[in-house]
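Novice: Shown below is the structure under consideration.
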Amino acid sequence: MTTTTEPLETPSPDAPADVVRVVVPPHSLASELRAIRIVWRRDLIRFASDRIRIVTSLIQPLLFLFVMGSGLQQLSRAGTHGVSLKTFIYPGILCVAVMFTAMFSAASIVWDREFGFMREMLVAPVRRSSIVIGKCLGGATVASSQGIIMIALAGLVHVPYNVPMILGILGLQLLLAFAITAFGVMCAARIKQMQAFFGIMQIVVMPMFFISGALFPANGLPGWLTVLNRIDPLTYAVDPMRRLVFGHLHLSAAAHRALDSGVSWWGWRVPGLLEAGMVAALGLLMLAIAVWEFSSGE
Amino acid sequence: MVGHEMARDAPSPDPAIAVHGLEKRFGPVEAVRGVDFEVAAGEVFGFLGPNGAGKTTTINMLCTLLKPTAGSATVAGYDVVLERDDVRRHIGLVFQDPTLDSYLTAAQNLRLHAELYGVPGKLVAPRMRQVLTMVGLWDRKDVTVGTFSGGMRRRLEIARGLMHSPRVLFLDEPTIGLDPQTRRSIWTYIRELKEREEITIFMTTHYMDEAEWCDRIAIMDQGEIVALDSPQRLKEGVGTDRVTIHTDDNEAALEALRECFGIEARIAEGAVLFGVPAGEAFVPRLFAELGVPIRAVSVSRPSLDDVFMSYTGTTIRDAEEDISKHRNRVMMQMMGGRR
């Protein structure tokens, strides 16, 4: 800020002579939907104009997929029954890519509060729930668009481009991104500083990711890790994703057993739809909490 | 002044803002201690006082951002507690702190506002053109706000506050932190706005010189309104001119003024300041009787600073220091707890 002075600008002479008077219509469902749409669109506009963010948020999943996947391959060739480790962790990475982007979208709420923009939204004559819902949908959309880039890489890890599979992946990504954004917004309602928010990410999101089985099969784990894995909500997003992708691979029965035996509760294999349903239910619950928090505050 | 008579008479039957016994406490702190006033439609009404006098708290209650502890208020005819959404639809807000999205362009910021406030779709573009033209930012509408200077941002915030044609525009310290030239240009926009639109403007400031732009001002000190009238009348009410003298020994001059004339003067910025009726006529007596050599003297009509001084017995700057001391004490009592 070296210069704050600026030339005095006079209104241009071609300014419209008549005053355009706006009459704001009374509160209605349509006005709430409009508010949801603009909060959603704002996230998209910001994401699209922030190319650095698009690139940086891709780096982490790419590192996991190609560097770790290729590196550990040396150790695990015998145990993967001829399946590339990259192929194995690909479904997990599809989840991770979405997860971190969604968390960043939610973080912008903390950012908005620090930089004052939150106030502009909170004083508008719309319900707080519309703002929270718009925000969650925005985060989910942005994160899923990031997920699409990861889907495009399927060929590099020997996964076929199968239309029903891709649609299924998109659906799961959208669901996961929505749930994670809702979780992030729920946290952001209470958190006033960006550092604290990143702290939460470190102590909640990273362990959730590592425990979820994104990088290893969820069966045959040590007892303590099995318990943690079954509690981790992210497990129930990773498992159906892996099931979906592996369902479209031609693998030996032994490879399926070893790599895609799925999540089971006391010997009962949890159906994929139930898992997806759990993620959806949890997302809605957290959305409800977030709405409640924002409506009761200030 | 034509507006003057209107301003001092009882406000019109349909006031833009009507406040009765409005109070707000934060724990042990009485931020606003029961204020009453009315603002007529079309007025530019200023709230003047040091930082911490309760101006922002009052404005926040009128904008439905804070619930009053006691009392009531209506804005644009709607009750600020019972008809919160109606109040919000009819007011525009420009906050002390910036509330723009600096990643979006000026036009995107305004569009977002229009959508949140439900401005009918076909009116968004013409209205945006109008408000941006008024604040001189039309040619920058597609520029990212992050690159704007402080003054441009404030102008954009004013334009945004006007997007939905509010009946009352609230400006909380609209010129704080801006250089004098930009401050002046903002005031030009505000006055021009009043000419063009049927709008009531309610603003706060702690720059005394800015209050001159208002039709009427309320002086607030320690949570209470201590004076309310047009700037002209408030100044007339002081009844004294301001005399400033430069001497080699200010302390001695202070003492001599007290002994010879019974005047309580004060020292500010290396000069001795005091108020007397008919200042010019007093100067010859001063030179003859003071007994302390005077290097320079100036006489001026009372400023709003003097008005503030005469109502509160302190300068606005001293009042701010007192308040921050008081605040610290209260904070200590609250065991360093909540903000």
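By order of appearance in the structure tokens: chains A, B, ..., then residues from 1 within every chain, and ligands from 1 in the order shown.
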Got a sec: who's within 7 Å of range 197-211 of chain B, counting only C-alpha atoms, leaving out chain neighbours fewer than 6 positions off, as a ChimeraX atom specification?

Specialist: /B:16,41-51,55,167-173,217,304-305

Novice: Residues as selected, N, CA and C atoms, written as a PDB file, in the first residue's frame, can you do that?

Specialist:
ATOM      1  N   ALA B  16     -37.942   7.718   9.278  1.00  0.00           N
ATOM      2  CA  ALA B  16     -37.203   6.582   8.734  1.00  0.00           C
ATOM      3  C   ALA B  16     -36.687   5.708   9.862  1.00  0.00           C
ATOM      4  N   ALA B  41     -37.381  10.953   7.156  1.00  0.00           N
ATOM      5  CA  ALA B  41     -37.066  10.392   5.846  1.00  0.00           C
ATOM      6  C   ALA B  41     -36.324  11.440   5.023  1.00  0.00           C
ATOM      7  N   GLY B  42     -35.269  11.037   4.363  1.00  0.00           N
ATOM      8  CA  GLY B  42     -34.516  11.943   3.504  1.00  0.00           C
ATOM      9  C   GLY B  42     -33.399  12.700   4.201  1.00  0.00           C
ATOM     10  N   GLU B  43     -33.254  12.475   5.493  1.00  0.00           N
ATOM     11  CA  GLU B  43     -32.207  13.189   6.224  1.00  0.00           C
ATOM     12  C   GLU B  43     -30.840  12.505   6.080  1.00  0.00           C
ATOM     13  N   VAL B  44     -29.766  13.290   6.226  1.00  0.00           N
ATOM     14  CA  VAL B  44     -28.449  12.708   6.445  1.00  0.00           C
ATOM     15  C   VAL B  44     -28.155  12.943   7.920  1.00  0.00           C
ATOM     16  N   PHE B  45     -28.165  11.847   8.671  1.00  0.00           N
ATOM     17  CA  PHE B  45     -28.091  11.950  10.118  1.00  0.00           C
ATOM     18  C   PHE B  45     -26.764  11.359  10.589  1.00  0.00           C
ATOM     19  N   GLY B  46     -26.051  12.110  11.378  1.00  0.00           N
ATOM     20  CA  GLY B  46     -24.729  11.653  11.811  1.00  0.00           C
ATOM     21  C   GLY B  46     -24.684  11.337  13.291  1.00  0.00           C
ATOM     22  N   PHE B  47     -23.965  10.278  13.600  1.00  0.00           N
ATOM     23  CA  PHE B  47     -23.715   9.903  14.985  1.00  0.00           C
ATOM     24  C   PHE B  47     -22.262  10.219  15.250  1.00  0.00           C
ATOM     25  N   LEU B  48     -22.010  11.102  16.198  1.00  0.00           N
ATOM     26  CA  LEU B  48     -20.668  11.590  16.398  1.00  0.00           C
ATOM     27  C   LEU B  48     -20.212  11.241  17.804  1.00  0.00           C
ATOM     28  N   GLY B  49     -18.966  10.837  17.915  1.00  0.00           N
ATOM     29  CA  GLY B  49     -18.471  10.549  19.254  1.00  0.00           C
ATOM     30  C   GLY B  49     -17.169   9.802  19.165  1.00  0.00           C
ATOM     31  N   PRO B  50     -16.473   9.712  20.293  1.00  0.00           N
ATOM     32  CA  PRO B  50     -15.193   9.005  20.274  1.00  0.00           C
ATOM     33  C   PRO B  50     -15.397   7.510  20.069  1.00  0.00           C
ATOM     34  N   ASN B  51     -14.344   6.817  19.725  1.00  0.00           N
ATOM     35  CA  ASN B  51     -14.403   5.357  19.650  1.00  0.00           C
ATOM     36  C   ASN B  51     -14.845   4.826  21.004  1.00  0.00           C
ATOM     37  N   LYS B  55     -21.541   4.134  19.441  1.00  0.00           N
ATOM     38  CA  LYS B  55     -22.102   4.388  18.100  1.00  0.00           C
ATOM     39  C   LYS B  55     -22.319   3.091  17.336  1.00  0.00           C
ATOM     40  N   ARG B 167     -34.165   1.854   1.745  1.00  0.00           N
ATOM     41  CA  ARG B 167     -34.789   3.107   2.199  1.00  0.00           C
ATOM     42  C   ARG B 167     -33.844   3.838   3.139  1.00  0.00           C
ATOM     43  N   VAL B 168     -33.062   3.067   3.893  1.00  0.00           N
ATOM     44  CA  VAL B 168     -32.095   3.678   4.810  1.00  0.00           C
ATOM     45  C   VAL B 168     -30.733   3.060   4.527  1.00  0.00           C
ATOM     46  N   LEU B 169     -29.732   3.925   4.385  1.00  0.00           N
ATOM     47  CA  LEU B 169     -28.370   3.431   4.198  1.00  0.00           C
ATOM     48  C   LEU B 169     -27.581   3.706   5.478  1.00  0.00           C
ATOM     49  N   PHE B 170     -27.048   2.649   6.070  1.00  0.00           N
ATOM     50  CA  PHE B 170     -26.230   2.803   7.273  1.00  0.00           C
ATOM     51  C   PHE B 170     -24.756   2.788   6.884  1.00  0.00           C
ATOM     52  N   LEU B 171     -24.040   3.783   7.328  1.00  0.00           N
ATOM     53  CA  LEU B 171     -22.607   3.836   7.046  1.00  0.00           C
ATOM     54  C   LEU B 171     -21.874   3.938   8.380  1.00  0.00           C
ATOM     55  N   ASP B 172     -21.151   2.885   8.722  1.00  0.00           N
ATOM     56  CA  ASP B 172     -20.428   2.916   9.988  1.00  0.00           C
ATOM     57  C   ASP B 172     -18.991   3.349   9.700  1.00  0.00           C
ATOM     58  N   GLU B 173     -18.660   4.549  10.076  1.00  0.00           N
ATOM     59  CA  GLU B 173     -17.328   5.111   9.825  1.00  0.00           C
ATOM     60  C   GLU B 173     -16.925   4.914   8.358  1.00  0.00           C
ATOM     61  N   ILE B 217     -26.897  16.136  13.638  1.00  0.00           N
ATOM     62  CA  ILE B 217     -25.991  15.197  14.281  1.00  0.00           C
ATOM     63  C   ILE B 217     -26.382  14.980  15.739  1.00  0.00           C
ATOM     64  N   LEU B 304     -16.855  21.697  15.499  1.00  0.00           N
ATOM     65  CA  LEU B 304     -17.609  20.659  16.200  1.00  0.00           C
ATOM     66  C   LEU B 304     -16.778  20.053  17.326  1.00  0.00           C
ATOM     67  N   ASP B 305     -15.456  20.154  17.171  1.00  0.00           N
ATOM     68  CA  ASP B 305     -14.582  19.755  18.274  1.00  0.00           C
ATOM     69  C   ASP B 305     -14.938  20.530  19.538  1.00  0.00           C
TER      70      ASP B 305
END

Novice: List the neighbours of Arg41 in chain A out to 10 Å using only C-alpha atoms; skip same-chain residues closer than 3 positions along the sequence, and give me the result as a PDB file with N, CA and C atoms, in the first residue's frame.

Specialist:
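Result saved to around02.pdb:
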ATOM      1  N   ALA A  35     -30.652 -17.661  -3.251  1.00  0.00           N
ATOM      2  CA  ALA A  35     -29.515 -17.447  -2.347  1.00  0.00           C
ATOM      3  C   ALA A  35     -28.605 -18.672  -2.354  1.00  0.00           C
ATOM      4  N   ILE A  36     -29.224 -19.872  -2.292  1.00  0.00           N
ATOM      5  CA  ILE A  36     -28.426 -21.104  -2.318  1.00  0.00           C
ATOM      6  C   ILE A  36     -27.609 -21.149  -3.604  1.00  0.00           C
ATOM      7  N   ARG A  37     -28.267 -20.803  -4.722  1.00  0.00           N
ATOM      8  CA  ARG A  37     -27.589 -20.889  -6.005  1.00  0.00           C
ATOM      9  C   ARG A  37     -26.402 -19.923  -6.078  1.00  0.00           C
ATOM     10  N   ILE A  38     -26.550 -18.724  -5.555  1.00  0.00           N
ATOM     11  CA  ILE A  38     -25.455 -17.758  -5.699  1.00  0.00           C
ATOM     12  C   ILE A  38     -24.291 -18.106  -4.768  1.00  0.00           C
ATOM     13  N   LEU A  44     -17.803 -21.857  -7.164  1.00  0.00           N
ATOM     14  CA  LEU A  44     -17.348 -22.298  -8.480  1.00  0.00           C
ATOM     15  C   LEU A  44     -16.514 -21.224  -9.170  1.00  0.00           C
ATOM     16  N   ILE A  45     -17.002 -19.981  -9.079  1.00  0.00           N
ATOM     17  CA  ILE A  45     -16.268 -18.879  -9.726  1.00  0.00           C
ATOM     18  C   ILE A  45     -14.880 -18.756  -9.110  1.00  0.00           C
ATOM     19  N   ARG A  46     -14.845 -18.822  -7.780  1.00  0.00           N
ATOM     20  CA  ARG A  46     -13.558 -18.663  -7.100  1.00  0.00           C
ATOM     21  C   ARG A  46     -12.612 -19.794  -7.448  1.00  0.00           C
ATOM     22  N   PHE A  47     -13.168 -21.004  -7.527  1.00  0.00           N
ATOM     23  CA  PHE A  47     -12.318 -22.154  -7.833  1.00  0.00           C
ATOM     24  C   PHE A  47     -11.770 -22.052  -9.245  1.00  0.00           C
ATOM     25  N   GLY A 134     -25.959 -23.824   0.410  1.00  0.00           N
ATOM     26  CA  GLY A 134     -25.254 -23.382  -0.790  1.00  0.00           C
ATOM     27  C   GLY A 134     -23.767 -23.655  -0.696  1.00  0.00           C
ATOM     28  N   LYS A 135     -23.236 -23.402   0.504  1.00  0.00           N
ATOM     29  CA  LYS A 135     -21.811 -23.609   0.732  1.00  0.00           C
ATOM     30  C   LYS A 135     -21.442 -25.092   0.578  1.00  0.00           C
ATOM     31  N   LEU A 137     -23.083 -27.446  -1.050  1.00  0.00           N
ATOM     32  CA  LEU A 137     -23.218 -27.877  -2.441  1.00  0.00           C
ATOM     33  C   LEU A 137     -22.056 -27.354  -3.271  1.00  0.00           C
ATOM     34  N   GLY A 138     -21.636 -26.117  -2.988  1.00  0.00           N
ATOM     35  CA  GLY A 138     -20.501 -25.547  -3.709  1.00  0.00           C
ATOM     36  C   GLY A 138     -19.246 -26.361  -3.486  1.00  0.00           C
ATOM     37  N   THR A 141     -19.441 -29.651  -5.338  1.00  0.00           N
ATOM     38  CA  THR A 141     -19.269 -29.526  -6.787  1.00  0.00           C
ATOM     39  C   THR A 141     -17.809 -29.295  -7.153  1.00  0.00           C
ATOM     40  N   VAL A 142     -17.186 -28.380  -6.422  1.00  0.00           N
ATOM     41  CA  VAL A 142     -15.784 -28.069  -6.701  1.00  0.00           C
ATOM     42  C   VAL A 142     -14.918 -29.312  -6.513  1.00  0.00           C
TER      43      VAL A 142
ATOM     44  N   LEU B 112     -23.668 -10.857  -6.615  1.00  0.00           N
ATOM     45  CA  LEU B 112     -23.890 -11.736  -5.467  1.00  0.00           C
ATOM     46  C   LEU B 112     -24.843 -11.070  -4.471  1.00  0.00           C
TER      47      LEU B 112
END

Novice: Would you tabulate, counting only C-alpha atoms, all residues of chain B that have an atom at most 8 Å from an atom of chain A, showing the closest pair of atoms and their distance in Å to one decimal, sorted by chain then ascending number, as CSV?

Specialist:
residue,atom,partner,partner_atom,distance
B:Leu65,CA,A:Glu298,CA,7.3
B:Leu66,CA,A:Glu298,CA,7.5
B:Asp85,CA,A:Pro125,CA,5.2
B:Asp86,CA,A:Pro125,CA,7.6
B:Arg88,CA,A:Pro125,CA,5.5
B:Arg89,CA,A:Pro125,CA,5.8
B:His90,CA,A:Val24,CA,7.9
B:Asp97,CA,A:Gly116,CA,6.9
B:Pro98,CA,A:Gly116,CA,6.1
B:Thr99,CA,A:Phe117,CA,4.2
B:Leu100,CA,A:Phe117,CA,5.5
B:Asp101,CA,A:Phe117,CA,5.9
B:Tyr103,CA,A:Arg46,CA,6.6
B:Leu104,CA,A:Arg46,CA,7.0
B:Leu112,CA,A:Ile38,CA,6.2
B:Glu115,CA,A:Ala35,CA,6.1
B:Leu116,CA,A:Ala35,CA,5.0
B:Tyr117,CA,A:Pro125,CA,6.2
B:Gly118,CA,A:Ser31,CA,5.8
B:Val119,CA,A:Val24,CA,5.6
B:Pro120,CA,A:Val24,CA,7.3
B:Leu123,CA,A:Val22,CA,7.0
B:Pro126,CA,A:Val20,CA,6.9
B:Arg127,CA,A:Val20,CA,5.6
B:Gln130,CA,A:Pro16,CA,6.7
B:Thr133,CA,A:Pro11,CA,5.7
B:Met134,CA,A:Pro11,CA,5.5
B:Val135,CA,A:Pro11,CA,7.0
B:Gly136,CA,A:Pro11,CA,5.5
B:Ser149,CA,A:Thr4,CA,6.1
B:Gly150,CA,A:Thr4,CA,6.6
B:Gly151,CA,A:Thr4,CA,7.0
B:Met163,CA,A:Val22,CA,7.9
B:His164,CA,A:Val22,CA,5.6
B:Ser165,CA,A:Val22,CA,5.3
B:Leu178,CA,A:Thr4,CA,7.5
B:Asp179,CA,A:Thr5,CA,6.7
B:Gln181,CA,A:Thr5,CA,7.0
B:Thr182,CA,A:Thr5,CA,6.6
B:Ser185,CA,A:Leu8,CA,6.6
B:Arg196,CA,A:Val19,CA,7.2
B:Glu197,CA,A:Val19,CA,7.1

Novice: Once you have the residues from the selection above, write them out as an mmCIF file, in the first residue's frame, restricted to C-alpha atoms.

Specialist:
data_model
loop_
_atom_site.group_PDB
_atom_site.id
_atom_site.type_symbol
_atom_site.label_atom_id
_atom_site.label_comp_id
_atom_site.auth_asym_id
_atom_site.auth_seq_id
_atom_site.Cartn_x
_atom_site.Cartn_y
_atom_site.Cartn_z
ATOM 1 C CA LEU B 65 -27.207 -7.516 14.124
ATOM 2 C CA LEU B 66 -27.555 -7.122 17.887
ATOM 3 C CA ASP B 85 -36.105 -9.753 7.715
ATOM 4 C CA ASP B 86 -38.260 -6.793 6.673
ATOM 5 C CA ARG B 88 -32.919 -6.146 6.403
ATOM 6 C CA ARG B 89 -34.633 -5.932 3.027
ATOM 7 C CA HIS B 90 -34.991 -2.187 3.353
ATOM 8 C CA ASP B 97 -14.386 -3.338 8.263
ATOM 9 C CA PRO B 98 -14.329 -4.408 4.624
ATOM 10 C CA THR B 99 -16.794 -7.158 3.678
ATOM 11 C CA LEU B 100 -16.032 -7.628 -0.012
ATOM 12 C CA ASP B 101 -14.901 -10.869 -1.606
ATOM 13 C CA TYR B 103 -11.260 -12.817 -5.217
ATOM 14 C CA LEU B 104 -14.295 -11.717 -7.192
ATOM 15 C CA LEU B 112 -23.890 -11.736 -5.467
ATOM 16 C CA GLU B 115 -29.066 -12.334 -5.690
ATOM 17 C CA LEU B 116 -28.917 -12.532 -1.889
ATOM 18 C CA TYR B 117 -31.314 -9.594 -1.599
ATOM 19 C CA GLY B 118 -33.647 -10.883 -4.295
ATOM 20 C CA VAL B 119 -33.279 -7.958 -6.718
ATOM 21 C CA PRO B 120 -35.499 -8.816 -9.731
ATOM 22 C CA LEU B 123 -33.153 -4.838 -12.866
ATOM 23 C CA PRO B 126 -29.227 -1.400 -15.070
ATOM 24 C CA ARG B 127 -29.068 -0.899 -11.319
ATOM 25 C CA GLN B 130 -26.164 3.113 -12.068
ATOM 26 C CA THR B 133 -21.292 4.927 -12.324
ATOM 27 C CA MET B 134 -22.203 6.986 -9.303
ATOM 28 C CA VAL B 135 -19.117 5.926 -7.367
ATOM 29 C CA GLY B 136 -16.930 6.175 -10.475
ATOM 30 C CA SER B 149 -7.129 0.613 -3.216
ATOM 31 C CA GLY B 150 -8.764 1.275 0.147
ATOM 32 C CA GLY B 151 -10.793 4.157 -1.233
ATOM 33 C CA MET B 163 -27.895 -2.245 -5.116
ATOM 34 C CA HIS B 164 -31.309 -3.108 -3.689
ATOM 35 C CA SER B 165 -32.498 0.535 -3.362
ATOM 36 C CA LEU B 178 -8.791 6.930 4.134
ATOM 37 C CA ASP B 179 -6.697 9.870 3.000
ATOM 38 C CA GLN B 181 -8.873 13.497 -0.705
ATOM 39 C CA THR B 182 -10.638 10.144 -0.844
ATOM 40 C CA SER B 185 -14.791 12.254 -2.699
ATOM 41 C CA ARG B 196 -30.846 11.458 -6.610
ATOM 42 C CA GLU B 197 -32.558 8.836 -4.535
#

Novice: For each of A:Ser108, A:Met165, A:Ile203, A:Asn219, take the minimum atom-to-atom distance to Gly267 in chain A, counting only C-alpha atoms, then give the residue where this is smallest.

Specialist: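 Among the listed residues, the smallest separation from Gly267 in chain A belongs to A:Asn219.
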
Novice: Let me make sure I understand: among A:Met186, A:Leu221, A:Ile211, A:Leu251, which one has the smallest atom-to-atom distance to Ala288 in chain A if we use only C-alpha atoms?

Specialist: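 Going through A:Met186, A:Leu221, A:Ile211, A:Leu251 one by one, the smallest distance to Ala288 in chain A is for A:Met186.
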
Novice: Identify all residues of range 110-298 of chain B in alpha helix (DSSP H) (DSSP on the backbone) and supply them as a ChimeraX atom specification.

Specialist: /B:110-116,121-134,150-162,180-196,231-238,250-261,279-289
